Each structure stands twice: as C-alpha cells, then as structure tokens.
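Data block below; observations after.
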Amino acid sequence: MGEKTQEVKLHGMWASSYSKRVELALRIKGIPYDYIEEDLNNKSQLLLKYNPVHKKVPVLVHNGKPIAESYVILEYIDETWKDSPKLLPEDAYGRAKVRFWASFIQQQLFENIGKMFTCEGEAQEKVYKEVIEKLTMFETGIKELFPGGAPFTNGENLGLLDILMSATLTSHKAVEEFRSGNPEPRKESFIVLMCNSMKEHPW
Amino acid sequence: MEENKVTLHGVWASPYSKRVELALKLKGIPFEYVEEDLTNKSPLLLKYNPVHKKIPVLVHNGKPICESLVILEYIDETWKDGPQLLPQDPYKRAQVRFWISYLQQQSSGQLMLIIPPDVMGSITSDGETQEKASKELFEKLKVFEEGVKEFFPDGTPCVDNNSVGILDILLVSLFGAHKVQSEVLGIKIIDQEKNPLLFSWITAITELPVVKEIIPPHDKLVAVLHTIRNAGLKSPAALP
C-alpha cells in the first residue's frame, strides 16, 4: 500500500475516558490526527452524521469514513496502521487473552466503578467491595501477561490493555476521594504501581 | 501436521454455546463436546474459566479460551480454511464489530426482560414491563435493520454455507428460536411485516443444514423456556 495522504480526525470530549483511549492509541502509533472537541450539550452536525445510532464520542473519521465505539476503533487502528507498535499480540491465543481481559475491564470494572457515582452509603460500599474483588481477580489474572514483571503488557510499548487500564484506572485517586471512606491501598498495590508507571510514561 | 485437539464445554440450551458450535461446524473443525451441568460444574470447567465459571469454553491443545465472541474471533484467526467469519478489510470488520456490539448491548438487555437467554434464570416480566421491553426491543431491531441494509445491496439476504459470518451466527443464536420464544411469551419477537429484512435474514440462516443440525428440538426448547419463565415470574426479582 502506497503512502497516500491519510486524513484522520477524532471527535472527542476532554473528560471522556473512551475518547482518551483513542487519543492514546493514535499517539502510541504516531498517527497524526485532527482533534475536534465536541460539546455534548450541543453536538455538531458532523458527529450526528457520523454516529447516527448512538450520537456519542469518540468517533474516528479515516479518509471520510467514520468508525464509532472506542473498542472497535482501537482494533481498527491496530489493523490499519501495521508499521508501528502493535496494540494486540501477533498470535491468536495472546489476542484471545487480551480480548478476554478487555471485556472484563469494560464489563466488570468500568461499569462497577461508574455505579459508585450513582449511589451512596451502604449501596456504594457494596459496589466498592465488588470493585476491589474484581480488581484483585484482574491482578491475579493478568500477572501472566507481564513478561518478567515488566510494567507494560507489550514489553516496553503500551498495548491495548494498558490503554484501557490507563483510561479506566488512573482516576482511581479521584474515585477514592469521592468515596471518602477508608481506601485499601494494599489490594490495589499492583494496579497502583502500573498506573503510576503509566503516568511516568511520556504519553 | 501438528496435533489439533479441540474441546468445547457447553450447554445445549445456551445460545452462547450454540454460537461456538456453529462456528466450529462451519469451519469443519473436529471437536469433542462436553455437556456441562450448570448446577454441578465440572472441575475442568472451573479450572478453565476460574474468573466467570461459565460456558462456553473452548480448549485448544490444552489452552482455554472464554467468552463466546472472543472464541469466535480466535476460531476465525486460527483456522483459515472454510468461511471467513469476519471480513478481511479493516473498515468492514469495524462495521461488523460495531453491529455485534450493538446487538449485544441492546438485545441482551431487552431480551433479559422478556426471555432469559440462558438456563441460569434471570429477571423475567409480564404485563406492562414486558410490553415496554418488547417495544424497546422492536425499536432497537429497527435501527439494526436500517444499519445493515448496506450489507445487502439487492435487498435480499442471501446466506449459504460458504458465506456465513459472525453476524449471521450472532443473529441465529439470539433470534433463531424466535418462533419458540414468541410461542412461550405470546408476543411476536420478530414480526415479518414490521421487520421484513431481519425476518427473511433469520429464516435464511435457520434453513442452512448446519444450523438445523444444532438447533435444539422445538418441544424441548419450549419446555425449557416455560420452566425458566415460570421460575422468573415467581421470583422476588420479577417485575409487573
């Protein structure tokens, strides 16, 4: 495939972690893009045209063709720009493991963390306990994905899971404050370590 | 030729399980099937899927893969002979993945209110809640129908053994038994007049010999759905 001009635009929102995931992926791959900040109370005509089904950000537009759903976009980016760090492993089994944990992060972690914002008191405590439980499960499960204990799942390069984790969990301190209960740093230790090393990373 | 041992842990009434069975049969992959009793899960299942303890689980040369959609992508990437479940072109793949995600989010939610998708029972409902849920389901299906029209440029879904893809598999697992589901609930899940494209698409898929082989017998499925529904309606979680 020749070096034709690639027009890449991202419709996003600064506070959206779904949006951040895509930005991170584009930067890791070194893909130049135009960023369009959307006002979710006043969505642009383009956004509504590009994502008529959900009318949400992020939407990636590649040479005029729109792709919606952050996870779908991440896989698209990895499959389209092949000459740069891979977001997913090359082998099918490695990919299956990453996809399994990506699904876990989204369904078990992210949604539960989100629930914490919409309830309080005893109900919130219960959700918090579930979140910690899931985090521990996650920690145990992905230990095998880290070659020799290295901080990122793809060796030195950030991979898909790192992107999802970063967007989901680097706000964990904010979540802790919000909960204003007793944080349990011990259980989150590994994740904290990973998030901190990700914060240190230039991107 | 390296050894290729494939085992599938599943449950006959589970649409998630059926998806994987269908994919394996379409690709012509020989496999061993292990029927799990969900009230008495095998130690192997618990070992292979410690996180969710659920079926289906595909075991390939001793390596377990969980989550039906993850398994389908794995199958497609590992066995290149037979129909390609996903298109080659990244943009088309993105479109297919978008609609898969849509069906998973929308339909599962609505269907949970109307029909529990697997034997483990869940909230079912009657009366007003059911009516609202079925209206919402219909609206979502309409959006889906509109969205996938571009996949069928001449308006008629044509499905044959060589061109069955992941969306076809998903549709038949969710709605292949729509007539049975409609029978049990007394409402039309897929209406030929309201969702003509979807109706003809699903009918075309269910006519395929390989699909007919694995769809559970009508009466058995009716019986199971009745049991689940009655249990659900009686449960404290039931909605009016």
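Going by the structure tokens order, chains are called A, B, ..., each with residues numbered from 1, while ligands are numbered from 1 in the order shown.
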Could you work out which residues of chain B fall inside 9 Å of chain A? Count only C-alpha atoms, and format the result as a PDB file with N, CA and C atoms, in the first residue's frame.
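Full text of out.pdb as output:
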ATOM      1  N   VAL B  51     -12.413 -17.237  36.308  1.00  0.00           N
ATOM      2  CA  VAL B  51     -12.929 -15.885  36.506  1.00  0.00           C
ATOM      3  C   VAL B  51     -14.459 -15.850  36.478  1.00  0.00           C
ATOM      4  N   LYS B  63      -5.190 -25.222  25.854  1.00  0.00           N
ATOM      5  CA  LYS B  63      -5.286 -23.808  26.218  1.00  0.00           C
ATOM      6  C   LYS B  63      -6.747 -23.356  26.167  1.00  0.00           C
ATOM      7  N   ILE B  65     -10.041 -20.889  26.077  1.00  0.00           N
ATOM      8  CA  ILE B  65     -10.461 -19.554  25.646  1.00  0.00           C
ATOM      9  C   ILE B  65     -11.903 -19.367  26.081  1.00  0.00           C
ATOM     10  N   CYS B  66     -12.202 -18.243  26.735  1.00  0.00           N
ATOM     11  CA  CYS B  66     -13.549 -17.996  27.256  1.00  0.00           C
ATOM     12  C   CYS B  66     -14.171 -16.766  26.610  1.00  0.00           C
ATOM     13  N   GLU B  67     -15.507 -16.655  26.799  1.00  0.00           N
ATOM     14  CA  GLU B  67     -16.296 -15.568  26.201  1.00  0.00           C
ATOM     15  C   GLU B  67     -16.578 -15.893  24.738  1.00  0.00           C
ATOM     16  N   VAL B  70     -15.042 -13.747  21.945  1.00  0.00           N
ATOM     17  CA  VAL B  70     -13.586 -13.887  21.902  1.00  0.00           C
ATOM     18  C   VAL B  70     -13.242 -15.219  21.230  1.00  0.00           C
ATOM     19  N   ILE B  71     -14.008 -16.260  21.574  1.00  0.00           N
ATOM     20  CA  ILE B  71     -13.783 -17.574  20.965  1.00  0.00           C
ATOM     21  C   ILE B  71     -14.006 -17.518  19.455  1.00  0.00           C
ATOM     22  N   GLU B  73     -13.680 -15.011  17.375  1.00  0.00           N
ATOM     23  CA  GLU B  73     -12.567 -14.331  16.706  1.00  0.00           C
ATOM     24  C   GLU B  73     -11.327 -15.241  16.699  1.00  0.00           C
ATOM     25  N   TYR B  74     -11.120 -15.949  17.802  1.00  0.00           N
ATOM     26  CA  TYR B  74      -9.973 -16.872  17.878  1.00  0.00           C
ATOM     27  C   TYR B  74     -10.085 -17.955  16.815  1.00  0.00           C
ATOM     28  N   ILE B  75     -11.276 -18.522  16.690  1.00  0.00           N
ATOM     29  CA  ILE B  75     -11.504 -19.571  15.690  1.00  0.00           C
ATOM     30  C   ILE B  75     -11.209 -19.035  14.299  1.00  0.00           C
ATOM     31  N   GLU B  77      -9.282 -16.608  13.427  1.00  0.00           N
ATOM     32  CA  GLU B  77      -7.864 -16.287  13.204  1.00  0.00           C
ATOM     33  C   GLU B  77      -6.990 -17.534  13.164  1.00  0.00           C
ATOM     34  N   THR B  78      -7.468 -18.608  13.769  1.00  0.00           N
ATOM     35  CA  THR B  78      -6.631 -19.811  13.854  1.00  0.00           C
ATOM     36  C   THR B  78      -6.874 -20.772  12.705  1.00  0.00           C
ATOM     37  N   PRO B  90     -10.247  -3.981   7.014  1.00  0.00           N
ATOM     38  CA  PRO B  90     -10.401  -3.428   8.365  1.00  0.00           C
ATOM     39  C   PRO B  90     -11.640  -2.559   8.561  1.00  0.00           C
ATOM     40  N   TYR B  91     -12.044  -1.810   7.539  1.00  0.00           N
ATOM     41  CA  TYR B  91     -13.205  -0.945   7.721  1.00  0.00           C
ATOM     42  C   TYR B  91     -14.478  -1.773   7.822  1.00  0.00           C
ATOM     43  N   ARG B  93     -14.572  -4.831   8.829  1.00  0.00           N
ATOM     44  CA  ARG B  93     -14.501  -5.507  10.123  1.00  0.00           C
ATOM     45  C   ARG B  93     -15.019  -4.582  11.216  1.00  0.00           C
ATOM     46  N   ALA B  94     -14.634  -3.309  11.112  1.00  0.00           N
ATOM     47  CA  ALA B  94     -15.079  -2.340  12.122  1.00  0.00           C
ATOM     48  C   ALA B  94     -16.598  -2.222  12.099  1.00  0.00           C
ATOM     49  N   GLN B  95     -17.177  -2.214  10.900  1.00  0.00           N
ATOM     50  CA  GLN B  95     -18.635  -2.118  10.801  1.00  0.00           C
ATOM     51  C   GLN B  95     -19.304  -3.340  11.431  1.00  0.00           C
ATOM     52  N   ARG B  97     -18.063  -5.338  13.705  1.00  0.00           N
ATOM     53  CA  ARG B  97     -17.862  -5.305  15.162  1.00  0.00           C
ATOM     54  C   ARG B  97     -18.790  -4.297  15.813  1.00  0.00           C
ATOM     55  N   PHE B  98     -19.040  -3.198  15.129  1.00  0.00           N
ATOM     56  CA  PHE B  98     -19.957  -2.189  15.656  1.00  0.00           C
ATOM     57  C   PHE B  98     -21.328  -2.794  15.865  1.00  0.00           C
ATOM     58  N   SER B 101     -21.498  -5.338  18.666  1.00  0.00           N
ATOM     59  CA  SER B 101     -21.558  -4.644  19.938  1.00  0.00           C
ATOM     60  C   SER B 101     -22.968  -4.123  20.186  1.00  0.00           C
ATOM     61  N   VAL B 143     -33.482  -0.127  14.156  1.00  0.00           N
ATOM     62  CA  VAL B 143     -32.222   0.587  13.925  1.00  0.00           C
ATOM     63  C   VAL B 143     -31.202  -0.351  13.297  1.00  0.00           C
ATOM     64  N   PHE B 144     -31.141  -1.551  13.837  1.00  0.00           N
ATOM     65  CA  PHE B 144     -30.203  -2.548  13.323  1.00  0.00           C
ATOM     66  C   PHE B 144     -30.507  -2.854  11.865  1.00  0.00           C
ATOM     67  N   GLY B 147     -29.438  -0.107   9.648  1.00  0.00           N
ATOM     68  CA  GLY B 147     -27.990  -0.015   9.602  1.00  0.00           C
ATOM     69  C   GLY B 147     -27.333  -1.067   8.726  1.00  0.00           C
TER      70      GLY B 147
END
Contact residues around Asn162 in chain B with only C-alpha atoms at 12 Å, ignoring same-chain residues under 5 positions, as a list of chain:residue names: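 So, after excluding close chain neighbours, the residues are B:Ala23, B:Lys25, B:Leu26, B:Lys27, B:Gly28, B:Asp81, B:Gly82, B:Pro83, B:Gln84, B:Leu85, B:Asp168, B:Ile205, B:Leu208, B:Val210.
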Hey, what does DSSP flag as alpha helix (DSSP H) within range 37-160 of chain A? Can you give it to me as JSON, numbers by chain? {"A": [45, 46, 47, 48, 49, 50, 70, 71, 72, 73, 74, 75, 76, 77, 78, 79, 80, 92, 93, 94, 95, 96, 97, 98, 99, 100, 101, 102, 103, 104, 111, 112, 113, 114, 115, 116, 121, 122, 123, 124, 125, 126, 127, 128, 129, 130, 131, 132, 133, 134, 135, 136, 137, 138, 139, 140, 141, 142, 160]}
Using only C-alpha atoms, which residues sit within 10 Å of range 177-193 of chain B once same-chain residues fewer than 3 positions away are excluded, as a PyMOL selection string? chain B and resi 15+111+114-115+126+130-131+134-135+137-138+141+172-174+196-200+202+206+215-216+218-219+221-226+229
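The coordinates place CA of Glu146 in chain B at 25.6 Å from CA of Gly12 in chain A.
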Residues within 12 Å of Lys53 in chain B, only C-alpha atoms, excluding chain neighbours under 6 positions, as a list in words: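 Final neighbour list, sorted by chain and number: His9, Gly10, Glu36, Asp37, Leu38, Thr39, Asn40, Lys41, Ser42, Pro43, Leu44, Leu45, Leu46, Lys47, Cys66 and Glu67 of chain B.
Computed from the coordinates, the CA of Leu171 in chain B to CA of Arg19 in chain B distance equals 9.4 Å.
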